[in-house]
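**Q** Just so it is clear, I am handing over upload-v2.txt, which has compact mmCIF, C-alpha atoms.
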# COMPACT_ATOMS: atom_id res chain seq x y z
CA MET A 1 -24.30 119.60 -30.88
CA ASN A 2 -26.40 120.96 -28.08
CA TYR A 3 -29.67 121.38 -29.99
CA THR A 4 -32.72 120.48 -27.95
CA TRP A 5 -35.29 118.59 -30.01
CA ASP A 6 -38.82 119.59 -29.23
CA PHE A 7 -41.52 117.78 -31.22
CA THR A 8 -44.34 119.37 -29.25
CA TRP A 9 -44.22 122.09 -31.91
CA VAL A 10 -45.08 119.49 -34.49
CA TRP A 11 -47.86 118.03 -32.36
CA ARG A 12 -49.38 121.45 -31.73
CA ASN A 13 -49.50 122.08 -35.49
CA SER A 14 -50.57 118.60 -36.52
CA ASP A 15 -53.89 119.87 -37.92
CA VAL A 16 -52.02 122.10 -40.38
CA LEU A 17 -49.76 119.21 -41.42
CA ALA A 18 -52.78 116.91 -41.79
CA TRP A 19 -54.41 119.46 -44.06
CA GLY A 20 -51.19 119.68 -46.11
CA MET A 21 -51.14 115.89 -46.43
CA LEU A 22 -54.74 115.88 -47.58
CA VAL A 23 -54.01 118.51 -50.24
CA THR A 24 -50.97 116.49 -51.37
CA LEU A 25 -53.11 113.36 -51.71
CA VAL A 26 -55.96 115.13 -53.51
CA LEU A 27 -53.50 116.87 -55.85
CA THR A 28 -51.93 113.48 -56.65
CA LEU A 29 -55.25 111.73 -57.22
CA VAL A 30 -56.68 114.48 -59.45
CA THR A 31 -53.42 114.66 -61.42
CA VAL A 32 -53.31 110.89 -61.95
CA ALA A 33 -56.99 110.80 -63.00
CA VAL A 34 -56.69 113.71 -65.46
CA GLY A 35 -53.25 112.59 -66.67
CA ALA A 36 -54.39 108.99 -67.23
CA VAL A 37 -57.31 110.06 -69.43
CA ILE A 38 -55.12 112.40 -71.50
CA GLY A 39 -52.40 109.74 -71.59
CA VAL A 40 -54.76 107.15 -73.08
CA LEU A 41 -55.90 109.63 -75.74
CA VAL A 42 -52.31 110.58 -76.61
CA ALA A 43 -51.31 106.88 -76.74
CA ILE A 44 -54.15 106.19 -79.21
CA MET A 45 -53.12 109.22 -81.28
CA ARG A 46 -49.50 107.94 -81.18
CA GLN A 47 -50.66 104.73 -82.95
CA SER A 48 -52.60 106.65 -85.61
CA ARG A 49 -51.78 106.12 -89.27
CA LEU A 50 -52.71 109.76 -89.94
CA ARG A 51 -49.34 111.47 -89.94
CA PRO A 52 -50.46 114.86 -88.50
CA VAL A 53 -52.23 113.09 -85.59
CA PHE A 54 -49.21 110.87 -85.01
CA TRP A 55 -46.84 113.86 -84.99
CA ILE A 56 -49.00 115.92 -82.63
CA ALA A 57 -48.90 113.03 -80.15
CA ARG A 58 -45.17 112.47 -80.68
CA ILE A 59 -44.33 116.15 -80.10
CA TYR A 60 -46.63 116.33 -77.06
CA ILE A 61 -44.90 113.31 -75.51
CA GLU A 62 -41.38 114.58 -76.18
CA VAL A 63 -42.07 118.13 -74.93
CA PHE A 64 -43.82 117.27 -71.68
CA ARG A 65 -41.69 114.24 -70.90
CA ASP A 66 -38.48 116.19 -71.34
CA LEU A 67 -39.39 119.57 -69.79
CA PRO A 68 -38.68 119.88 -66.05
CA VAL A 69 -42.01 119.88 -64.21
CA LEU A 70 -40.99 122.98 -62.24
CA VAL A 71 -40.43 124.93 -65.48
CA VAL A 72 -43.90 123.95 -66.69
CA LEU A 73 -45.50 124.94 -63.38
CA ILE A 74 -43.73 128.30 -63.28
CA TRP A 75 -44.60 129.01 -66.92
CA LEU A 76 -48.28 128.13 -66.39
CA PHE A 77 -48.46 130.17 -63.18
CA PHE A 78 -46.65 133.32 -64.33
CA CYS A 79 -46.79 133.42 -68.14
CA LEU A 80 -50.18 131.90 -68.99
CA PRO A 81 -52.24 134.58 -67.15
CA ILE A 82 -50.35 137.31 -69.02
CA LEU A 83 -51.18 135.64 -72.34
CA LEU A 84 -54.82 135.07 -71.34
CA GLY A 85 -55.38 138.69 -70.38
CA PRO A 86 -55.60 140.82 -67.26
CA ASN A 87 -58.81 139.19 -65.98
CA ALA A 88 -57.50 135.67 -66.21
CA SER A 89 -57.23 134.04 -62.84
CA ILE A 90 -56.49 130.35 -62.41
CA PRO A 91 -56.33 129.02 -58.83
CA PRO A 92 -52.83 127.70 -58.02
CA PHE A 93 -54.22 124.24 -57.24
CA TRP A 94 -55.55 123.86 -60.79
CA VAL A 95 -52.36 125.28 -62.28
CA ALA A 96 -50.53 122.54 -60.35
CA VAL A 97 -52.99 119.90 -61.62
CA ALA A 98 -52.44 121.13 -65.20
CA GLY A 99 -48.64 121.18 -64.95
CA LEU A 100 -48.33 117.81 -63.24
CA SER A 101 -50.93 116.24 -65.57
CA LEU A 102 -49.04 117.35 -68.66
CA ASN A 103 -45.98 115.48 -67.37
CA PHE A 104 -47.96 112.44 -66.14
CA SER A 105 -49.95 112.08 -69.37
CA ALA A 106 -46.83 112.19 -71.57
CA LEU A 107 -45.24 109.42 -69.50
CA GLN A 108 -48.53 107.51 -69.32
CA ALA A 109 -48.81 107.53 -73.11
CA GLU A 110 -45.36 105.95 -73.34
CA ILE A 111 -46.26 103.37 -70.66
CA ILE A 112 -49.34 102.34 -72.67
CA ARG A 113 -47.32 102.16 -75.90
CA ALA A 114 -44.74 99.96 -74.20
CA GLY A 115 -47.52 97.74 -72.79
CA TYR A 116 -49.02 97.35 -76.25
CA GLU A 117 -45.71 96.65 -77.95
CA ALA A 118 -44.80 94.05 -75.29
CA ILE A 119 -47.57 91.73 -76.49
CA PRO A 120 -45.73 88.91 -78.29
CA VAL A 121 -46.49 88.97 -82.04
CA GLY A 122 -47.07 85.21 -81.86
CA GLN A 123 -50.14 85.73 -79.68
CA LEU A 124 -51.68 87.98 -82.33
CA ASP A 125 -50.66 85.44 -84.96
CA ALA A 126 -52.50 82.73 -83.04
CA ALA A 127 -55.63 84.90 -83.05
CA SER A 128 -55.13 85.52 -86.75
CA GLY A 129 -54.86 81.76 -87.36
CA LEU A 130 -58.20 81.31 -85.61
CA HIS A 131 -59.60 84.09 -87.83
CA PHE A 132 -60.79 86.34 -85.03
CA ASN A 133 -61.87 89.65 -86.53
CA ARG A 134 -60.04 92.89 -85.75
CA TRP A 135 -62.49 94.00 -83.06
CA GLN A 136 -62.33 90.62 -81.31
CA VAL A 137 -58.53 90.77 -81.24
CA LEU A 138 -58.59 94.31 -79.84
CA ARG A 139 -61.29 93.60 -77.27
CA HIS A 140 -60.13 90.20 -76.00
CA ILE A 141 -56.35 90.14 -76.50
CA VAL A 142 -54.79 93.55 -77.14
CA PHE A 143 -56.81 95.67 -74.69
CA PRO A 144 -56.65 93.42 -71.59
CA GLN A 145 -52.98 92.64 -72.06
CA THR A 146 -52.07 96.29 -72.62
CA VAL A 147 -53.96 97.25 -69.47
CA TRP A 148 -52.38 94.46 -67.40
CA ARG A 149 -48.89 95.32 -68.60
CA SER A 150 -49.45 99.05 -67.96
CA ILE A 151 -50.85 98.89 -64.43
CA ALA A 152 -47.59 98.40 -62.50
CA PRO A 153 -45.61 101.15 -64.30
CA THR A 154 -48.64 103.48 -64.03
CA LEU A 155 -48.77 102.95 -60.27
CA GLY A 156 -45.01 103.58 -60.13
CA GLN A 157 -45.53 106.82 -62.02
CA ALA A 158 -48.33 107.77 -59.62
CA VAL A 159 -45.86 107.39 -56.75
CA ASN A 160 -43.43 109.66 -58.62
CA THR A 161 -46.22 112.19 -59.11
CA LEU A 162 -46.88 112.17 -55.38
CA LYS A 163 -43.23 113.14 -54.87
CA LEU A 164 -43.45 115.80 -57.57
CA THR A 165 -46.38 117.51 -55.83
CA ALA A 166 -43.80 119.16 -53.54
CA LEU A 167 -42.94 121.37 -56.54
CA ALA A 168 -46.43 122.89 -56.32
CA SER A 169 -45.19 124.75 -53.23
CA PHE A 170 -43.31 127.05 -55.66
CA ILE A 171 -46.67 128.36 -56.89
CA CYS A 172 -48.18 128.63 -53.39
CA VAL A 173 -50.34 125.48 -53.38
CA GLY A 174 -50.94 124.61 -49.73
CA GLU A 175 -49.68 121.04 -49.92
CA LEU A 176 -47.48 119.28 -47.39
CA PHE A 177 -44.13 120.85 -48.35
CA TYR A 178 -45.63 124.35 -48.53
CA VAL A 179 -47.39 124.23 -45.15
CA THR A 180 -44.26 122.79 -43.54
CA GLY A 181 -42.25 125.75 -44.83
CA ARG A 182 -44.81 128.15 -43.46
CA LEU A 183 -44.74 126.44 -40.04
CA ILE A 184 -40.93 126.67 -39.95
CA GLN A 185 -41.13 130.42 -40.69
CA ASP A 186 -43.55 130.80 -37.76
CA THR A 187 -41.80 128.54 -35.24
CA PHE A 188 -38.09 128.54 -36.22
CA ARG A 189 -38.01 124.74 -35.67
CA PRO A 190 -36.67 123.47 -39.05
CA LEU A 191 -35.13 120.26 -37.68
CA GLU A 192 -38.35 118.99 -36.14
CA PHE A 193 -40.55 120.00 -39.05
CA TYR A 194 -38.27 118.84 -41.90
CA THR A 195 -37.73 115.53 -40.10
CA THR A 196 -41.48 115.14 -39.66
CA LEU A 197 -41.97 116.12 -43.31
CA ALA A 198 -39.63 113.34 -44.44
CA LEU A 199 -41.41 110.81 -42.22
CA LEU A 200 -44.83 111.89 -43.49
CA TYR A 201 -43.73 111.54 -47.13
CA LEU A 202 -42.36 108.09 -46.31
CA ALA A 203 -45.64 107.15 -44.60
CA LEU A 204 -47.48 108.12 -47.79
CA ILE A 205 -45.07 106.65 -50.30
CA LEU A 206 -43.69 103.45 -48.73
CA PRO A 207 -46.95 101.45 -48.63
CA LEU A 208 -47.67 102.43 -52.23
CA ALA A 209 -44.14 101.56 -53.34
CA ILE A 210 -44.31 98.15 -51.64
CA PHE A 211 -47.71 97.48 -53.22
CA VAL A 212 -46.33 98.40 -56.66
CA GLN A 213 -43.34 96.09 -56.14
CA LEU A 214 -45.54 93.15 -55.12
CA PHE A 215 -47.84 93.78 -58.07
CA GLU A 216 -44.87 93.95 -60.48
CA ASP A 217 -43.48 90.66 -59.14
CA ARG A 218 -46.82 88.98 -59.69
CA LEU A 219 -47.20 90.36 -63.20
CA SER A 220 -43.66 89.52 -64.22
CA LYS A 221 -44.41 85.86 -63.45
CA ARG A 222 -47.56 85.88 -65.52
CA PHE A 223 -46.02 87.70 -68.47
CA ARG A 224 -42.56 86.21 -68.37
CA HIS A 225 -42.57 85.62 -72.14
CA ALA A 226 -42.74 89.37 -72.71
CA MET B 227 -67.03 63.46 -107.32
CA PRO B 228 -67.62 66.38 -104.94
CA ASP B 229 -65.49 69.52 -105.22
CA PRO B 230 -62.38 69.44 -103.01
CA LEU B 231 -62.46 71.56 -99.86
CA VAL B 232 -58.95 72.89 -100.52
CA LYS B 233 -57.53 73.47 -103.97
CA LEU B 234 -54.09 74.88 -104.78
CA GLU B 235 -53.14 75.52 -108.40
CA GLY B 236 -49.64 76.59 -109.44
CA VAL B 237 -48.87 78.14 -106.08
CA SER B 238 -45.42 79.70 -105.82
CA LYS B 239 -43.72 81.76 -103.16
CA ALA B 240 -40.51 83.77 -103.22
CA PHE B 241 -38.91 86.10 -100.72
CA GLY B 242 -37.12 88.64 -102.89
CA ASP B 243 -34.76 86.70 -105.17
CA ARG B 244 -35.04 83.55 -103.07
CA GLU B 245 -37.61 81.17 -104.49
CA LEU B 246 -39.08 79.00 -101.74
CA PHE B 247 -41.31 76.70 -103.78
CA LYS B 248 -43.10 76.80 -107.12
CA ASN B 249 -45.97 75.15 -108.97
CA VAL B 250 -47.55 73.53 -105.93
CA ASP B 251 -50.80 71.76 -106.81
CA LEU B 252 -52.93 70.18 -104.09
CA GLU B 253 -56.48 69.03 -103.54
CA VAL B 254 -57.87 68.06 -100.15
CA SER B 255 -61.29 66.42 -99.89
CA MET B 256 -63.73 66.60 -97.00
CA GLY B 257 -62.69 64.28 -94.18
CA GLU B 258 -59.23 63.75 -95.62
CA ILE B 259 -55.97 63.96 -93.70
CA VAL B 260 -52.99 65.25 -95.65
CA THR B 261 -49.54 65.37 -94.11
CA ILE B 262 -46.90 67.56 -95.68
CA VAL B 263 -43.34 66.68 -94.75
CA GLY B 264 -40.01 68.11 -95.77
CA PRO B 265 -36.77 69.42 -94.33
CA SER B 266 -36.64 72.61 -92.27
CA GLY B 267 -36.70 75.81 -94.31
CA VAL B 268 -38.35 74.33 -97.39
CA GLY B 269 -41.48 76.45 -96.84
CA LYS B 270 -43.96 74.07 -95.17
CA THR B 271 -45.18 76.71 -92.71
CA THR B 272 -45.43 79.30 -95.50
CA LEU B 273 -47.50 76.90 -97.58
CA LEU B 274 -49.84 76.30 -94.63
CA ARG B 275 -50.16 80.07 -94.06
CA ALA B 276 -50.95 80.48 -97.75
CA ILE B 277 -53.84 78.01 -97.39
CA ALA B 278 -54.98 79.97 -94.32
CA GLY B 279 -54.91 83.18 -96.36
CA MET B 280 -52.31 84.66 -94.05
CA THR B 281 -49.59 85.21 -96.65
CA ASP B 282 -49.65 86.33 -100.27
CA VAL B 283 -48.61 83.80 -102.89
CA GLU B 284 -48.69 83.51 -106.66
CA GLY B 285 -51.28 81.09 -108.02
CA GLN B 286 -54.74 80.10 -106.92
CA VAL B 287 -55.77 79.02 -103.42
CA THR B 288 -59.44 78.22 -102.92
CA ILE B 289 -61.26 76.97 -99.83
CA GLY B 290 -64.69 75.52 -100.50
CA GLY B 291 -64.58 77.04 -103.97
CA GLN B 292 -63.87 80.56 -102.70
CA PRO B 293 -60.49 82.28 -102.89
CA ALA B 294 -58.52 82.24 -99.63
CA GLN B 295 -58.23 85.90 -98.77
CA HIS B 296 -55.18 87.48 -97.28
CA ASN B 297 -57.34 88.45 -94.33
CA GLY B 298 -55.06 88.15 -91.32
CA VAL B 299 -57.24 89.34 -88.48
CA THR B 300 -59.28 91.79 -90.49
CA ASN B 301 -62.39 89.74 -91.17
CA GLY B 302 -63.90 86.67 -89.63
CA ASN B 303 -63.54 83.54 -91.74
CA HIS B 304 -64.62 80.50 -89.86
CA ARG B 305 -64.05 77.94 -92.61
CA LEU B 306 -60.62 77.09 -91.30
CA CYS B 307 -58.23 77.56 -88.44
CA LEU B 308 -54.47 77.34 -88.19
CA VAL B 309 -52.72 76.05 -85.09
CA THR B 310 -49.25 77.55 -85.13
CA GLN B 311 -45.99 75.75 -84.39
CA HIS B 312 -45.39 77.69 -81.18
CA ALA B 313 -48.22 77.44 -78.68
CA ASN B 314 -48.61 81.24 -78.39
CA LEU B 315 -51.17 80.99 -75.61
CA TRP B 316 -52.67 84.27 -74.44
CA ASP B 317 -50.84 85.12 -71.22
CA HIS B 318 -53.70 86.95 -69.51
CA LEU B 319 -56.07 83.98 -69.69
CA SER B 320 -55.99 80.62 -67.92
CA ALA B 321 -55.48 77.52 -70.07
CA LEU B 322 -59.23 76.86 -69.88
CA ASP B 323 -60.14 80.40 -70.92
CA ASN B 324 -57.66 80.23 -73.81
CA VAL B 325 -59.78 77.42 -75.24
CA ALA B 326 -63.13 78.81 -74.08
CA LEU B 327 -62.46 82.17 -75.79
CA VAL B 328 -62.45 80.36 -79.14
CA ARG B 329 -65.88 78.88 -78.39
CA ARG B 330 -67.22 82.25 -77.25
CA LEU B 331 -65.99 84.18 -80.27
CA LEU B 332 -66.40 81.65 -83.06
CA HIS B 333 -69.55 79.92 -81.83
CA ASP B 334 -71.20 82.74 -79.83
CA GLU B 335 -71.44 80.55 -76.75
CA PRO B 336 -71.97 82.09 -73.32
CA ARG B 337 -69.00 81.87 -70.97
CA ARG B 338 -70.26 78.91 -68.92
CA THR B 339 -71.18 76.79 -71.96
CA ALA B 340 -67.91 77.71 -73.66
CA ARG B 341 -65.93 76.60 -70.60
CA ARG B 342 -67.74 73.27 -70.47
CA ALA B 343 -67.02 72.65 -74.15
CA ALA B 344 -63.41 73.77 -73.69
CA MET B 345 -62.94 71.35 -70.82
CA ARG B 346 -64.06 68.44 -73.00
CA TYR B 347 -61.40 69.24 -75.60
CA MET B 348 -58.75 69.70 -72.92
CA GLU B 349 -59.58 66.42 -71.23
CA ALA B 350 -59.40 64.62 -74.58
CA LEU B 351 -55.83 65.90 -74.90
CA GLU B 352 -54.99 65.15 -71.24
CA VAL B 353 -54.62 68.79 -70.16
CA GLY B 354 -57.86 69.00 -68.16
CA GLY B 355 -55.80 68.92 -64.96
CA VAL B 356 -54.03 72.17 -65.78
CA ALA B 357 -57.16 74.00 -66.96
CA ARG B 358 -57.06 76.63 -64.20
CA GLN B 359 -53.35 77.35 -64.59
CA TYR B 360 -51.91 80.26 -66.51
CA PRO B 361 -49.65 79.63 -69.53
CA HIS B 362 -46.42 80.59 -67.71
CA SER B 363 -46.81 77.64 -65.34
CA LEU B 364 -47.35 75.01 -68.07
CA SER B 365 -44.63 72.86 -69.63
CA GLY B 366 -43.89 73.22 -73.35
CA GLY B 367 -45.80 70.03 -74.11
CA GLU B 368 -48.82 71.13 -72.08
CA GLN B 369 -48.84 74.52 -73.80
CA GLN B 370 -48.76 72.80 -77.17
CA ARG B 371 -51.69 70.55 -76.28
CA VAL B 372 -53.71 73.51 -74.96
CA SER B 373 -52.97 75.28 -78.24
CA LEU B 374 -54.17 72.19 -80.10
CA ALA B 375 -57.32 72.09 -77.95
CA ARG B 376 -57.92 75.69 -79.05
CA GLY B 377 -57.76 74.54 -82.67
CA PHE B 378 -60.07 71.58 -82.02
CA ALA B 379 -62.54 73.86 -80.22
CA ALA B 380 -62.85 76.05 -83.32
CA GLU B 381 -64.58 73.10 -85.04
CA THR B 382 -63.92 74.51 -88.49
CA PRO B 383 -64.34 72.33 -91.60
CA LEU B 384 -60.59 72.64 -92.24
CA LEU B 385 -57.91 72.32 -89.56
CA LEU B 386 -54.36 73.39 -90.43
CA LEU B 387 -51.70 72.15 -88.03
CA ASP B 388 -48.09 73.28 -88.00
CA GLU B 389 -45.70 70.89 -86.20
CA VAL B 390 -48.19 70.42 -83.37
CA SER B 391 -46.66 67.22 -82.02
CA SER B 392 -43.02 68.29 -81.93
CA ASN B 393 -42.93 68.75 -78.13
CA VAL B 394 -44.74 65.60 -77.05
CA ASP B 395 -43.69 62.03 -76.30
CA PHE B 396 -44.65 59.03 -78.43
CA ARG B 397 -47.66 58.01 -76.32
CA ARG B 398 -49.19 61.47 -76.53
CA ARG B 399 -48.30 61.71 -80.21
CA ARG B 400 -50.40 58.60 -80.68
CA MET B 401 -53.18 60.14 -78.60
CA ILE B 402 -53.12 63.27 -80.77
CA ALA B 403 -53.14 61.13 -83.91
CA ASP B 404 -56.21 59.25 -82.62
CA ALA B 405 -57.97 62.56 -81.89
CA LEU B 406 -57.17 63.78 -85.41
CA LEU B 407 -58.50 60.54 -86.91
CA ASP B 408 -61.76 61.08 -84.99
CA ILE B 409 -62.00 64.61 -86.37
CA ALA B 410 -61.46 63.33 -89.90
CA LYS B 411 -64.16 60.67 -89.38
CA SER B 412 -66.61 63.47 -88.55
CA GLY B 413 -66.04 64.84 -92.07
CA ARG B 414 -63.58 67.61 -91.29
CA SER B 415 -60.33 67.91 -93.24
CA ILE B 416 -56.85 68.22 -91.78
CA VAL B 417 -53.64 69.45 -93.33
CA LEU B 418 -50.69 68.77 -91.08
CA VAL B 419 -47.17 70.02 -91.58
CA THR B 420 -44.31 68.17 -89.90
CA HIS B 421 -40.76 67.02 -90.48
CA ASP B 422 -41.56 63.83 -88.59
CA LEU B 423 -42.59 60.85 -90.74
CA GLU B 424 -43.62 58.91 -87.63
CA THR B 425 -46.62 61.21 -87.08
CA ALA B 426 -47.50 60.94 -90.75
CA GLN B 427 -47.56 57.16 -90.47
CA LEU B 428 -49.80 57.28 -87.39
CA LEU B 429 -52.35 59.34 -89.30
CA ARG B 430 -52.48 56.88 -92.19
CA GLY B 431 -53.55 59.64 -94.59
CA ARG B 432 -51.93 60.97 -97.73
CA THR B 433 -48.31 62.04 -97.18
CA LEU B 434 -46.71 64.60 -99.44
CA ARG B 435 -43.16 65.90 -99.47
CA LEU B 436 -42.65 69.60 -100.21
CA THR B 437 -39.67 70.35 -102.43
CA PRO B 438 -38.70 73.59 -104.20
CA ASP B 439 -40.36 72.17 -107.33
CA GLY B 440 -43.68 71.16 -105.79
CA LEU B 441 -45.26 68.33 -103.84
CA ASP B 442 -44.24 64.64 -104.22
CA ASP B 443 -46.63 61.93 -103.09
CA LEU B 444 -45.00 59.64 -100.51
CA SER B 445 -48.10 57.65 -99.63
CA GLU B 446 -46.80 54.46 -101.26
CA VAL B 447 -43.57 54.69 -99.28
CA ASP B 448 -45.58 55.16 -96.06
CA THR B 449 -47.80 52.22 -96.85
CA ARG B 450 -44.73 50.00 -97.11
CA VAL B 451 -43.34 51.34 -93.85
CA THR B 452 -46.54 50.93 -91.87
CA SER B 453 -47.59 47.54 -93.28
Show me the file's structure as structure tokens.
**A**
Amino acid sequence: MNYTWDFTWVWRNSDVLAWGMLVTLVLTLVTVAVGAVIGVLVAIMRQSRLRPVFWIARIYIEVFRDLPVLVVLIWLFFCLPILLGPNASIPPFWVAVAGLSLNFSALQAEIIRAGYEAIPVGQLDAASGLHFNRWQVLRHIVFPQTVWRSIAPTLGQAVNTLKLTALASFICVGELFYVTGRLIQDTFRPLEFYTTLALLYLALILPLAIFVQLFEDRLSKRFRHA
Amino acid sequence: MPDPLVKLEGVSKAFGDRELFKNVDLEVSMGEIVTIVGPSGVGKTTLLRAIAGMTDVEGQVTIGGQPAQHNGVTNGNHRLCLVTQHANLWDHLSALDNVALVRRLLHDEPRRTARRAAMRYMEALEVGGVARQYPHSLSGGEQQRVSLARGFAAETPLLLLDEVSSNVDFRRRRMIADALLDIAKSGRSIVLVTHDLETAQLLRGRTLRLTPDGLDDLSEVDTRVTS
């Protein structure tokens, strides 16, 4: 192979790549924030004794957990404006937030449910034996333990969401993958830019993944009865 | 004679077709220690849960003249507390905070005061040294004593204990027995379930044996053994 690597192209366009990274990070953070709030609501609805509420949550979780994120993004970007009318205009960034949040919230609801169900029944029995009232049990035992047990998988899912943001390039959101593609079209240097792209994603994801792993190890010690 | 704190009249329990026990009558006075013994599976824990109002039974169960409700965790009832057979400590709290939480919630104590009170109970049961540790790092015996400290900290008129000395050596069993005798001296009542006659003898209270047909008084037998 007699290809001559030339990373000066990357350096000269580093401001564009930095902007793409920033958009990727903001898209991830907004998605996780919106998705977490919806996820908590759906998780509460999932525990409801009212059957219609329970089923709405159940269907929501199954649909948005199972549908490919790209299909949701494409549908929201191309089909939703047609249904909303000719004047409807949703910026691609917010379409991406909506599509990614639907997926994140469905998974988040299941993470919270799993965290709740992992509390050993005996611990609730002990509270019952001490005659704590229902609110005291929720406030001091169920809520903190559910949160603790949900943090590590939620962070793991946030890392996955960061990876999924690359799909937003399909609907023209100027995140890292999209701007890299545009730079390749302009410079015809795919090897340099795709290699840099991979390294930049690793630089974003690896520290987070290591942090999640350390956090999980620590939690698994504390909750080893679960 | 004052009314008994605990009164069971014709209490029976069955799981489907399987009858566990029937026609159990029992009265426990203030400051009395009652030990219920019997082989595994006879229904000792179920009987204790019936007194705590945590399982439905046929017959009458009254605590301080009022019916024991099947209340589970739904409403606060601070007349009694049940210390379960397994320690079941709350994983997210240190050993100290496991005990202090009881003081905070049942006695409305601020955190600092609750911790001080909790430490006293833990030191009395020789687990003060592990107060800052989390449950996963405690031995089975330590967990059981922290769980017992939680029960002591509730300071309810009636203390129900389910096999709370099964994981501890003889010296500590004696220490627990002494602590229970002190509690009884302060006027609080204790009903202890165990399959271990040794503990019953240490407590020197009334010993009853649960059978499918009710409770037999073994106190005379115990007196002979201990004298």
**Q** Which distance in Å separates atom CA of A:Pro68 and atom CA of A:Leu29, to one decimal?
**A**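 One can read the atom CA of A:Pro68 to atom CA of A:Leu29 distance as 20.5 Å.
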**Q** What residues in chain A have any atom no more than 12 Å from chain B when counting only C-alpha atoms, and can you write them as an MDAnalysis selection string?
**A** chainID A and resid 118:149 218:226
**Q** Give me the residues within 7 Å of B:Leu246 as a PyMOL selection string, counting all atoms listed in the file and dropping any in the same chain fewer than 4 places off.
**A** chain B and resi 239-240+268-269+438
**Q** Provide the atom CA of A:Ser101 to atom CA of A:Ala114 distance in Å, to one decimal place.
**A** 19.4 Å
**Q** Restricting the calculation to only C-alpha atoms, which member of B:Val390, B:Leu274, B:Val260, B:Leu441 is positioned closest to B:Gly366?
**A**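 Ranking B:Val390, B:Leu274, B:Val260, B:Leu441 by distance to B:Gly366, first place goes to B:Val390.
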**Q** By how many Å are atom CA of B:Lys270 and atom CA of B:Met348 apart?
**A** 27.1 Å
**Q** Got a sec: who's within 12 Å of stretch 182-191 of chain A, counting only C-alpha atoms, leaving out chain neighbours fewer than 4 positions off, as a PDB file with C-alpha atoms, keeping the file's coordinate frame?
**A**
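And here is the file that came out, selection.pdb:
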ATOM      1  CA  TYR A   3     -29.670 121.380 -29.990  1.00  0.00           C
ATOM      2  CA  THR A   4     -32.720 120.480 -27.950  1.00  0.00           C
ATOM      3  CA  TRP A   5     -35.290 118.590 -30.010  1.00  0.00           C
ATOM      4  CA  ASP A   6     -38.820 119.590 -29.230  1.00  0.00           C
ATOM      5  CA  PHE A   7     -41.520 117.780 -31.220  1.00  0.00           C
ATOM      6  CA  THR A   8     -44.340 119.370 -29.250  1.00  0.00           C
ATOM      7  CA  TRP A   9     -44.220 122.090 -31.910  1.00  0.00           C
ATOM      8  CA  VAL A  10     -45.080 119.490 -34.490  1.00  0.00           C
ATOM      9  CA  TRP A  11     -47.860 118.030 -32.360  1.00  0.00           C
ATOM     10  CA  ARG A  12     -49.380 121.450 -31.730  1.00  0.00           C
ATOM     11  CA  ASN A  13     -49.500 122.080 -35.490  1.00  0.00           C
ATOM     12  CA  SER A  14     -50.570 118.600 -36.520  1.00  0.00           C
ATOM     13  CA  ASP A  15     -53.890 119.870 -37.920  1.00  0.00           C
ATOM     14  CA  VAL A  16     -52.020 122.100 -40.380  1.00  0.00           C
ATOM     15  CA  LEU A  17     -49.760 119.210 -41.420  1.00  0.00           C
ATOM     16  CA  GLY A  20     -51.190 119.680 -46.110  1.00  0.00           C
ATOM     17  CA  SER A 169     -45.190 124.750 -53.230  1.00  0.00           C
ATOM     18  CA  CYS A 172     -48.180 128.630 -53.390  1.00  0.00           C
ATOM     19  CA  VAL A 173     -50.340 125.480 -53.380  1.00  0.00           C
ATOM     20  CA  GLY A 174     -50.940 124.610 -49.730  1.00  0.00           C
ATOM     21  CA  GLU A 175     -49.680 121.040 -49.920  1.00  0.00           C
ATOM     22  CA  LEU A 176     -47.480 119.280 -47.390  1.00  0.00           C
ATOM     23  CA  PHE A 177     -44.130 120.850 -48.350  1.00  0.00           C
ATOM     24  CA  TYR A 178     -45.630 124.350 -48.530  1.00  0.00           C
ATOM     25  CA  THR A 195     -37.730 115.530 -40.100  1.00  0.00           C
ATOM     26  CA  THR A 196     -41.480 115.140 -39.660  1.00  0.00           C
ATOM     27  CA  LEU A 197     -41.970 116.120 -43.310  1.00  0.00           C
ATOM     28  CA  ALA A 198     -39.630 113.340 -44.440  1.00  0.00           C
TER      29      ALA A 198
END
**Q** Counting all atoms listed in the file, find the residues whose atoms lie at most 12 Å from (-52.1, 61.1, -96.2) (file coordinates) and write them out as a PyMOL selection string.
**A** chain B and resi 253-255+257-263+407+410+415-419+423+425-435+442-449
